[in-house]
Structure formats: C-alpha cells, structure tokens
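What follows is a single structure, written as structure tokens, with notes after it.
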Amino acid sequence: MTVDFEATPTLALAVAVVATSTSAILVRWSDAPSSVAAFYRVLFTTGLVAPLAVTRHRGAFAGLSRRDLVGAVLAGIALAVHFAAWFASLERTSVAASVTLVQSQPVFVALGAGLFLGERIGRGTVVGIAVTIAGATAMSLGSVGRNGLAGVTLRGNALAVLGAITVAGYVLAGRSIRQRVPVLPYVTVVYGVCVVTLFLLVGVQGHSYVGYSPREWLLFLGLAVGPGIVGHTVSNWALEHLESVVVSVAWLGEPVGATLLALVLLSEVPDAITVIGGVVVIVGIAVTTLERESSRGVDVSRS
C-alpha cells in the first residue's frame, strides 16, 4: 500500500481541528466547576509535555533570559485567564456562540500587534476586524429578549470574547520568545505558570480539588489528550509541511465542528441569529487572517 505524503499533512490538520472541536463538548459534559476542569486540563497537558521537554531540551531551561522568563510568566497568566473565561462561557451561552467568539482571537492579535508592537494594520485587516465586530455584536444582541436567560447568555458571550482577548495576549507575549526558545521548553514554562494561576483561582472560588467521580477524571484527561495534545501537536507538525495560511484558515473549521458536535451530542440547535452572526464572524476572521498572512506569518495558538 502506498501513502500519499502530500495528502497526509492535510489529513493530519483535519484530525487536529476535529480534536480541538471536542473541547467545548467535553467541558459541557463535565459537572465539575469550569475552573476545576480548566485546571486539570492544563495540569494533565503539562504532565504529558514536561518530561519530553526536560529530556530533549534540558539546557534550554537554564538558558532562559530574565526577559524571556517574564514574558513566559505573563503568557501563562494570560492563558489561564483564557481557559477560565472560555470554560465559564460554555456554562452560560451556546457552544456555537462561545466557540465562534473565542475563535476571533486572530482579530485581537492583529489589533494588539498594531497598538503595542507598532505593526502596520492594513486596509484588509481593518475590514476584517470591522466585519468580525459586527458579527459578534449581532450574536450578542440577538440573545436579548429571546428567553429568560438573555442576561446569562450575554455574560457567556462576553466571557468568550474575554477568552479571545487573553489568548491573543498569550500569543503576543510569546511570539518573540518562541523565536529564541524551542517550543517544548517554552510551553512547559507557560503551562506551569498557567497551572499555578488556575490552582489559585480554584482555591479563591472555594471549589474542591478532589472528590470527583471517575467519569470527571476521564473528561479532564480527555481535554488534555484530545484538544491539548492531539490538537496542538498535530497542527504544529502540519505547519512544517503546509503553508501557514492554510493552517490558519483551516482552524476556522473549529466553530463549525463544535457546532455540529453540539447538535449531535447535546441536541443543541443554534438559532438563526447565532448562525448568521457566526458566519459573519468567521468571514471577518478569514479576511483578517488572509491579510496578515499575506504580509507576514501570524503565530496563532489554539484553545
């Protein structure tokens, strides 16, 4: 049997997108507090990544400069806020709305790069940002008056946007560091800071760290292995074989995949406003991504 090596990276990328699309479903299935689920997702992911990082890149940890270490700490805190906000949003709004809004992070990366890194924001990027904001506004305002949970839904949408903003901060904080530090040592430090931050958040919120059913522990492990390891690792491998624009745009399939999984597994049917607003948001993200990729590569990390 022959293997089509040109098709293999594309297939791998599809697997990565599907794996990441399961994240929202696993969170919804969990009965644990959202911050607890986020904590164990990152803890288990760190436990799987750290041994490999230490084995292969032991010297890279000692070679971290103070500046890079501070940047990694900030990136870890931002990532913790991202997970906490996004997981909490899934308790308050639909999977379709939450995943679509949190996926808008390339827009905030573009804004942050322009505001804080002095990068030029082209006309296409401005158009993409405007379209994304319009779609997000439609999705959020469309929840008002539909049911008695309109206020809760708005908070859920706002939390998803906060998740997008903070993961954009994570990307911007780590972009220059990853040019000097191998990815495994970098993410090990970031994940370690993220774990500590989420651990403190769980304590502040008064939740228990233990006492969960075997089903919950399997869900925590599934979040780490599926979206955390398979989604991230496979997509990073695909970047070595495919153009970055292909990978970036392919990730726009995550909201679609998550919405379809929610329809099948949770019987959650998105309303017309959510669907229309979601399509507009995805178009805006695509325009922004294509514009930025045409001028320079964008480091886009996944949820």
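Chain lettering (A, B, ...) mirrors the order of the structure tokens, residue numbering begins at 1 for each chain separately, and ligand numbering begins at 1 in order of display.
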
Write out as a PyMOL selection string the residues lying within 12 Å of Phe199 (chain A), counting only C-alpha atoms and excluding same-chain residues fewer than 3 positions away.
-> chain A and resi 35-43+77+80-81+84+191-196+202-209

Alpha helix (DSSP H) call set, DSSP backbone run, region 73-214 of chain A, as a ChimeraX atom specification | /A:73-89,95-102,105-116,123-141,150-175,183-204,214

Choose the residue, out of A:Ser213, A:Val107, A:Glu254, A:Ala138, that has the smallest atom-to-atom separation from Val126 (chain A); count only C-alpha atoms.
->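 Of the candidates, the smallest distance to Val126 (chain A) is held by A:Val107.
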
For each of A:Leu261, A:Ala158, A:Ala78, A:Val287, take the minimum atom-to-atom distance to Ala173 (chain A), counting only C-alpha atoms, then give the residue where this is smallest.
-> A:Ala78
